[in-house]
Amino acid sequence: MLNKGLAAAAVLLCLGGAPAFADCIDYSPARGKAQADALAARPPAFDSIGLPPISGLTLDAVKTVGDPKCDGPVDDYWYVGRVPFRTFVEEIHPFIAPRITVDGMNRQWYNNPYHSDDIILSSGTVLGLFLDREQNLVQISVKPASPSGAPSQVYQPYSVNDIVSGTPWVGGQNGNFIQVGTEAENGAASSGQGAATAETTPAACPGSSSSDSAETVGKEVGGRVLGGGWGRSLGGTVGGLLGSRKKTEPSGC
């Protein structure tokens, strides 16, 4: 005999869940294509979704829209192309928001803004980047902030080379970690945009834990006390063993 509770749940599912379920199985390629064609004919202006001018990308209207009845309103815009990653970073560099993390001593540090395949712009728009083996950008997801507008130029201590190579510190292999508030002291304020602070940048997460806070501090101390890359490496190893490895996303503020 069917359990009464299961029978009641089945009835509720049939009655209450039918419309939503029907939406999901009522996928219409024709409806999706019509919406995609309309979007392709009038794609959003870059500044309306928080992007600076970018060349070489084409809106993937079909992937962006799907079937609006099943997929709902557009949240992410998808673009395709074949643009060298370096060229792409050069174009958007003035608009890349600083990524700031906080260590166990409540000190704020700049981190490489290219993190977990994402880059956040000063507009709050999040870019998800997909590269091929030759380091060409072939697909990009664009998640605008709400509300969103044109990005503004901001202070970004990491150079194009730093971002492309993925170095954790400013200035390449022999560079330094830059503490927020010490930009001029470290010679990192060369862009002339002024220093960003945790209160003014959307990438800052006050009170969060840095994924590499102890390792960062260890490298800083090792580099100063022991000198050179060897001291930085040893300090980073010791710091990483002692500290937390919890990861923090700037966009999770």
# chains A, B, ... in the order shown; residues from 1 in each chain; ligands from 1
$ select_by_dssp --residues "segment 53-120 of chain A" --states "alpha helix (DSSP H)" --output "ChimeraX atom specification"
/A:61-65,68-71,85-92
$ residues_around --residues "Gln139 of chain A" --least-positions-apart "5" --cutoff "9 Å" --atoms "only C-alpha atoms" --output "PDB file with all heavy atoms, in the first residue's frame"
ATOM      1  N   LEU A  57      35.353  40.793 -30.118  1.00  0.00           N
ATOM      2  CA  LEU A  57      34.371  39.909 -29.494  1.00  0.00           C
ATOM      3  C   LEU A  57      33.014  40.069 -30.164  1.00  0.00           C
ATOM      4  O   LEU A  57      32.618  41.166 -30.550  1.00  0.00           O
ATOM      5  CB  LEU A  57      34.244  40.215 -28.002  1.00  0.00           C
ATOM      6  CG  LEU A  57      35.485  39.977 -27.131  1.00  0.00           C
ATOM      7  CD1 LEU A  57      35.199  40.354 -25.690  1.00  0.00           C
ATOM      8  CD2 LEU A  57      35.948  38.532 -27.229  1.00  0.00           C
ATOM      9  N   TRP A  78      27.081  36.360 -23.128  1.00  0.00           N
ATOM     10  CA  TRP A  78      28.188  35.532 -23.597  1.00  0.00           C
ATOM     11  C   TRP A  78      28.735  36.082 -24.911  1.00  0.00           C
ATOM     12  O   TRP A  78      27.976  36.440 -25.809  1.00  0.00           O
ATOM     13  CB  TRP A  78      27.726  34.090 -23.788  1.00  0.00           C
ATOM     14  CG  TRP A  78      27.451  33.400 -22.482  1.00  0.00           C
ATOM     15  CD1 TRP A  78      26.296  33.440 -21.762  1.00  0.00           C
ATOM     16  CD2 TRP A  78      28.356  32.587 -21.744  1.00  0.00           C
ATOM     17  NE1 TRP A  78      26.422  32.707 -20.602  1.00  0.00           N
ATOM     18  CE2 TRP A  78      27.671  32.159 -20.568  1.00  0.00           C
ATOM     19  CE3 TRP A  78      29.670  32.160 -21.958  1.00  0.00           C
ATOM     20  CZ2 TRP A  78      28.266  31.334 -19.622  1.00  0.00           C
ATOM     21  CZ3 TRP A  78      30.264  31.337 -21.013  1.00  0.00           C
ATOM     22  CH2 TRP A  78      29.570  30.934 -19.870  1.00  0.00           C
ATOM     23  N   TYR A  79      30.047  36.135 -24.982  1.00  0.00           N
ATOM     24  CA  TYR A  79      30.725  36.612 -26.185  1.00  0.00           C
ATOM     25  C   TYR A  79      31.755  35.580 -26.619  1.00  0.00           C
ATOM     26  O   TYR A  79      32.314  34.841 -25.793  1.00  0.00           O
ATOM     27  CB  TYR A  79      31.429  37.953 -25.917  1.00  0.00           C
ATOM     28  CG  TYR A  79      30.471  39.100 -25.692  1.00  0.00           C
ATOM     29  CD1 TYR A  79      29.911  39.325 -24.443  1.00  0.00           C
ATOM     30  CD2 TYR A  79      30.114  39.955 -26.732  1.00  0.00           C
ATOM     31  CE1 TYR A  79      29.015  40.369 -24.230  1.00  0.00           C
ATOM     32  CE2 TYR A  79      29.226  41.001 -26.537  1.00  0.00           C
ATOM     33  CZ  TYR A  79      28.683  41.200 -25.278  1.00  0.00           C
ATOM     34  OH  TYR A  79      27.799  42.235 -25.070  1.00  0.00           O
ATOM     35  N   VAL A  80      32.000  35.529 -27.919  1.00  0.00           N
ATOM     36  CA  VAL A  80      33.007  34.631 -28.476  1.00  0.00           C
ATOM     37  C   VAL A  80      33.959  35.449 -29.339  1.00  0.00           C
ATOM     38  O   VAL A  80      33.644  36.562 -29.771  1.00  0.00           O
ATOM     39  CB  VAL A  80      32.359  33.505 -29.316  1.00  0.00           C
ATOM     40  CG1 VAL A  80      31.534  32.586 -28.444  1.00  0.00           C
ATOM     41  CG2 VAL A  80      31.500  34.084 -30.446  1.00  0.00           C
ATOM     42  N   GLY A  81      35.123  34.885 -29.572  1.00  0.00           N
ATOM     43  CA  GLY A  81      36.128  35.547 -30.390  1.00  0.00           C
ATOM     44  C   GLY A  81      37.412  34.758 -30.306  1.00  0.00           C
ATOM     45  O   GLY A  81      37.454  33.650 -29.779  1.00  0.00           O
ATOM     46  N   ARG A  82      38.444  35.321 -30.811  1.00  0.00           N
ATOM     47  CA  ARG A  82      39.773  34.712 -30.679  1.00  0.00           C
ATOM     48  C   ARG A  82      40.764  35.861 -30.524  1.00  0.00           C
ATOM     49  O   ARG A  82      41.380  36.320 -31.482  1.00  0.00           O
ATOM     50  CB  ARG A  82      40.109  33.840 -31.881  1.00  0.00           C
ATOM     51  CG  ARG A  82      41.392  33.019 -31.695  1.00  0.00           C
ATOM     52  CD  ARG A  82      41.620  32.043 -32.838  1.00  0.00           C
ATOM     53  NE  ARG A  82      42.894  31.333 -32.705  1.00  0.00           N
ATOM     54  CZ  ARG A  82      43.072  30.273 -31.927  1.00  0.00           C
ATOM     55  NH1 ARG A  82      42.065  29.809 -31.218  1.00  0.00           N
ATOM     56  NH2 ARG A  82      44.250  29.696 -31.863  1.00  0.00           N
ATOM     57  N   GLY A 128      34.061  36.299 -16.755  1.00  0.00           N
ATOM     58  CA  GLY A 128      34.551  34.926 -16.693  1.00  0.00           C
ATOM     59  C   GLY A 128      35.273  34.612 -17.991  1.00  0.00           C
ATOM     60  O   GLY A 128      34.681  34.689 -19.073  1.00  0.00           O
ATOM     61  N   LEU A 129      36.567  34.269 -17.914  1.00  0.00           N
ATOM     62  CA  LEU A 129      37.400  34.154 -19.101  1.00  0.00           C
ATOM     63  C   LEU A 129      37.718  32.696 -19.406  1.00  0.00           C
ATOM     64  O   LEU A 129      38.065  31.919 -18.516  1.00  0.00           O
ATOM     65  CB  LEU A 129      38.702  34.936 -18.899  1.00  0.00           C
ATOM     66  CG  LEU A 129      38.539  36.386 -18.428  1.00  0.00           C
ATOM     67  CD1 LEU A 129      39.897  37.056 -18.291  1.00  0.00           C
ATOM     68  CD2 LEU A 129      37.644  37.171 -19.383  1.00  0.00           C
ATOM     69  N   PHE A 130      37.617  32.338 -20.675  1.00  0.00           N
ATOM     70  CA  PHE A 130      37.897  30.982 -21.129  1.00  0.00           C
ATOM     71  C   PHE A 130      38.973  31.057 -22.205  1.00  0.00           C
ATOM     72  O   PHE A 130      38.750  31.636 -23.276  1.00  0.00           O
ATOM     73  CB  PHE A 130      36.624  30.323 -21.674  1.00  0.00           C
ATOM     74  CG  PHE A 130      35.517  30.216 -20.653  1.00  0.00           C
ATOM     75  CD1 PHE A 130      34.665  31.291 -20.433  1.00  0.00           C
ATOM     76  CD2 PHE A 130      35.353  29.066 -19.907  1.00  0.00           C
ATOM     77  CE1 PHE A 130      33.643  31.208 -19.488  1.00  0.00           C
ATOM     78  CE2 PHE A 130      34.346  28.974 -18.956  1.00  0.00           C
ATOM     79  CZ  PHE A 130      33.487  30.043 -18.745  1.00  0.00           C
ATOM     80  N   LEU A 131      40.143  30.472 -21.927  1.00  0.00           N
ATOM     81  CA  LEU A 131      41.291  30.552 -22.820  1.00  0.00           C
ATOM     82  C   LEU A 131      41.572  29.195 -23.446  1.00  0.00           C
ATOM     83  O   LEU A 131      41.310  28.145 -22.847  1.00  0.00           O
ATOM     84  CB  LEU A 131      42.540  31.020 -22.060  1.00  0.00           C
ATOM     85  CG  LEU A 131      42.414  32.273 -21.193  1.00  0.00           C
ATOM     86  CD1 LEU A 131      43.747  32.571 -20.511  1.00  0.00           C
ATOM     87  CD2 LEU A 131      41.948  33.460 -22.009  1.00  0.00           C
TER      88      LEU A 131
END
$ residues_around --residues "Val74 of chain A" --least-positions-apart "3" --cutoff "9 Å" --atoms "only C-alpha atoms" --output "count of residues only"
6
$ atom_distance --atom1 "atom CA of Phe95 of chain A" --atom2 "atom CA of Gly124 of chain A"
10.2 Å
$ residues_around --residues "Gln35 of chain A" --least-positions-apart "2" --cutoff "9 Å" --atoms "only C-alpha atoms" --output "number ranges by chain"
A: 30-33, 37-40, 61-62, 65-68
$ residues_around --residues "Asn161 of chain A" --least-positions-apart "4" --cutoff "9 Å" --atoms "only C-alpha atoms" --output "list in words"
Arg86, Ser165, Gly166, Thr167, Gly171 and Gly172 of chain A
$ closest_residue --among "A:Gly104, A:Pro52, A:Pro29, A:Pro98" --to "Ile178 of chain A" --atoms "only C-alpha atoms"
A:Pro98
$ select_by_dssp --residues "segment 73-140 of chain A" --states "strand (DSSP E)" --output "VMD selection string"
chain A and resid 77 to 84 99 to 102 108 to 111 118 to 120 126 to 131 136 to 140
$ closest_residue --among "A:Ile96, A:Val138, A:Cys70, A:Leu59" --to "Tyr158 of chain A" --atoms "only C-alpha atoms"
A:Ile96
$ residues_around --residues "Gln135 of chain A" --least-positions-apart "2" --cutoff "7 Å" --atoms "only C-alpha atoms" --output "PyMOL selection string"
chain A and resi 84-85+131-133+137
